[in-house]
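Participant: I have a structure I would like to understand better, so I am pasting it below and will then ask my questions one at a time.
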Amino acid sequence: MGTAVAMLALLPTRAQTADAMTAPATSADNAVNIAKDGVDPSLRDRVVSVYGVGTPTAIQTWWVIFYDPSVASHGRAVKVADGKIASTYEAKGGVVYGDTLTFSPTQVVGTDPALTTAQNYAAQHALAYDNVRVLLRVTSANQTFRWRVQLLNGTTSKGFVFVNATDGTFAMYSPPGSVPSHQSSGTGGVAGDAQHVGNDIKNTFLGIGGDLQQFFTGERTVDQ
């Protein structure tokens, strides 16, 4: 019983989650630069993932996971909030983070354009949402580098907007719980990528909640 109570105490309340989204906004590249100060210099050039939560227009809280072979999970997580390091710890996302799918911090660009593109898509397709979860990571060596923006209204997913990280252009949209659909409205969807990205979504987003939040943050952070 004592262990269960202790584990529950680690879970933030919904009010704490809301607080995370009302803190001052920080761009992804700035967050990564801040997070680098929380790890050994030898780890700073190998990012596993960049994950953030916030409003439709800005991300307030970030979790950056660096590849760190010195710990059991091979991941070192740094949480950035209020423009500063809030905590750093061994990432315990239930997996051993791989060394072949890391990327340079210099590739972390385009957060603001990604949010703008997501807003534009949502407006064009009447998708009402009030908060987002964004993710930058790679799942294969030749994967196109994209921001994945999950649109949520409260805790209800409204789907995922994929945005090319290099130029902020729209790539495709996936409704919640489905394989991405090619959009032929001139917004940049790529039909040939659909199956690959569909598998990518299944690996990263579908069923997102405590377990996948844990994967991207290294801790259970959301009261779902």
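Residues are referred to by chain and number: the chain letter is A, B, ... according to the order shown in the structure tokens, the number counts from 1 in that chain, and ligands are numbered separately from 1 in the order shown.
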With only C-alpha atoms as the counted atoms, please give the residues lying no more than 12 Å from Asn120 of chain A, apart from itself and same-chain residues fewer than 6 positions off, as an mmCIF file with N, CA and C atoms, in the first residue's frame.
Facilitator:
```cif
data_model
loop_
_atom_site.group_PDB
_atom_site.id
_atom_site.type_symbol
_atom_site.label_atom_id
_atom_site.label_comp_id
_atom_site.auth_asym_id
_atom_site.auth_seq_id
_atom_site.Cartn_x
_atom_site.Cartn_y
_atom_site.Cartn_z
ATOM 1 N N PRO A 56 -2.003 26.127 -28.216
ATOM 2 C CA PRO A 56 -1.883 26.079 -29.677
ATOM 3 C C PRO A 56 -0.822 27.016 -30.246
ATOM 4 N N THR A 57 -0.435 28.038 -29.501
ATOM 5 C CA THR A 57 0.509 29.028 -30.040
ATOM 6 C C THR A 57 1.902 28.960 -29.441
ATOM 7 N N PRO A 113 6.901 27.599 -36.624
ATOM 8 C CA PRO A 113 6.212 27.319 -37.891
ATOM 9 C C PRO A 113 5.330 26.075 -37.819
ATOM 10 N N ALA A 114 5.769 25.067 -37.066
ATOM 11 C CA ALA A 114 4.963 23.844 -36.942
ATOM 12 C C ALA A 114 3.640 24.142 -36.247
ATOM 13 N N ALA A 126 -11.978 22.902 -39.456
ATOM 14 C CA ALA A 126 -12.902 23.044 -38.319
ATOM 15 C C ALA A 126 -12.573 22.100 -37.169
ATOM 16 N N LEU A 127 -11.293 22.027 -36.822
ATOM 17 C CA LEU A 127 -10.856 21.209 -35.692
ATOM 18 C C LEU A 127 -10.634 22.126 -34.490
ATOM 19 N N ALA A 128 -11.485 22.005 -33.502
ATOM 20 C CA ALA A 128 -11.357 22.835 -32.302
ATOM 21 C C ALA A 128 -10.410 22.161 -31.318
ATOM 22 N N VAL A 161 -1.014 16.567 -36.751
ATOM 23 C CA VAL A 161 -0.544 17.303 -37.924
ATOM 24 C C VAL A 161 0.963 17.102 -38.009
ATOM 25 N N VAL A 163 4.477 18.156 -39.709
ATOM 26 C CA VAL A 163 5.033 19.356 -40.324
ATOM 27 C C VAL A 163 6.528 19.144 -40.571
ATOM 28 N N GLY A 168 8.855 24.101 -42.164
ATOM 29 C CA GLY A 168 7.556 24.391 -41.573
ATOM 30 C C GLY A 168 6.373 24.108 -42.473
ATOM 31 N N THR A 169 6.576 23.372 -43.574
ATOM 32 C CA THR A 169 5.469 23.085 -44.483
ATOM 33 C C THR A 169 4.675 21.870 -44.017
ATOM 34 N N PHE A 170 3.406 21.875 -44.369
ATOM 35 C CA PHE A 170 2.505 20.785 -44.021
ATOM 36 C C PHE A 170 2.920 19.507 -44.739
ATOM 37 N N THR A 187 -1.664 21.427 -49.872
ATOM 38 C CA THR A 187 -0.958 21.791 -48.645
ATOM 39 C C THR A 187 0.295 20.956 -48.409
#
```
Participant: Quick check for you: according to DSSP on this backbone, which residues of segment 11-194 of chain A are classed as strand (DSSP E)? Reply as an MDAnalysis selection string.
Facilitator: chainID A and resid 47:54 59:67 75:81 84:90 131:137 146:153 156:164 170:174
Participant: Tell me which of A:Leu151, A:Ile59, A:Val138, A:Ala91 sits closest to Arg76 of chain A, counting only C-alpha atoms.
Facilitator: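 Selected residue with least distance to Arg76 of chain A: A:Ala91.
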Participant: So that each row is one residue of segment 76-162 of chain A with an atom at most 10 Å from segment 37-49 of chain A, can you give its shortest atom pair and the distance in Å to one decimal, using only C-alpha atoms, rows by chain and rising number, as JSON lines?
Facilitator:
```
{"residue": "A:Arg76", "atom": "CA", "partner": "A:Val39", "partner_atom": "CA", "distance": 7.5}
{"residue": "A:Ala77", "atom": "CA", "partner": "A:Val39", "partner_atom": "CA", "distance": 8.7}
{"residue": "A:Val78", "atom": "CA", "partner": "A:Gly38", "partner_atom": "CA", "distance": 6.5}
{"residue": "A:Lys79", "atom": "CA", "partner": "A:Gly38", "partner_atom": "CA", "distance": 9.2}
{"residue": "A:Val80", "atom": "CA", "partner": "A:Gly38", "partner_atom": "CA", "distance": 9.7}
{"residue": "A:Lys84", "atom": "CA", "partner": "A:Asp37", "partner_atom": "CA", "distance": 9.8}
{"residue": "A:Ile85", "atom": "CA", "partner": "A:Gly38", "partner_atom": "CA", "distance": 7.1}
{"residue": "A:Ala86", "atom": "CA", "partner": "A:Gly38", "partner_atom": "CA", "distance": 9.6}
{"residue": "A:Ser87", "atom": "CA", "partner": "A:Gly38", "partner_atom": "CA", "distance": 8.3}
{"residue": "A:Thr88", "atom": "CA", "partner": "A:Gly38", "partner_atom": "CA", "distance": 6.4}
{"residue": "A:Tyr89", "atom": "CA", "partner": "A:Gly38", "partner_atom": "CA", "distance": 9.3}
{"residue": "A:Tyr97", "atom": "CA", "partner": "A:Val48", "partner_atom": "CA", "distance": 7.5}
{"residue": "A:Gly98", "atom": "CA", "partner": "A:Val48", "partner_atom": "CA", "distance": 8.1}
{"residue": "A:Asp99", "atom": "CA", "partner": "A:Val48", "partner_atom": "CA", "distance": 8.2}
{"residue": "A:Thr100", "atom": "CA", "partner": "A:Val48", "partner_atom": "CA", "distance": 9.4}
{"residue": "A:Leu101", "atom": "CA", "partner": "A:Val48", "partner_atom": "CA", "distance": 6.8}
{"residue": "A:Thr102", "atom": "CA", "partner": "A:Val48", "partner_atom": "CA", "distance": 4.8}
{"residue": "A:Phe103", "atom": "CA", "partner": "A:Val47", "partner_atom": "CA", "distance": 5.2}
{"residue": "A:Ser104", "atom": "CA", "partner": "A:Asp45", "partner_atom": "CA", "distance": 5.2}
{"residue": "A:Pro105", "atom": "CA", "partner": "A:Asp45", "partner_atom": "CA", "distance": 6.1}
{"residue": "A:Thr106", "atom": "CA", "partner": "A:Asp45", "partner_atom": "CA", "distance": 8.6}
{"residue": "A:Gln107", "atom": "CA", "partner": "A:Val47", "partner_atom": "CA", "distance": 9.6}
{"residue": "A:Val108", "atom": "CA", "partner": "A:Val47", "partner_atom": "CA", "distance": 9.4}
{"residue": "A:Leu135", "atom": "CA", "partner": "A:Ser49", "partner_atom": "CA", "distance": 7.2}
{"residue": "A:Leu136", "atom": "CA", "partner": "A:Ser49", "partner_atom": "CA", "distance": 5.8}
{"residue": "A:Arg137", "atom": "CA", "partner": "A:Ser49", "partner_atom": "CA", "distance": 4.7}
{"residue": "A:Val138", "atom": "CA", "partner": "A:Ser49", "partner_atom": "CA", "distance": 7.8}
{"residue": "A:Thr139", "atom": "CA", "partner": "A:Val48", "partner_atom": "CA", "distance": 9.9}
```
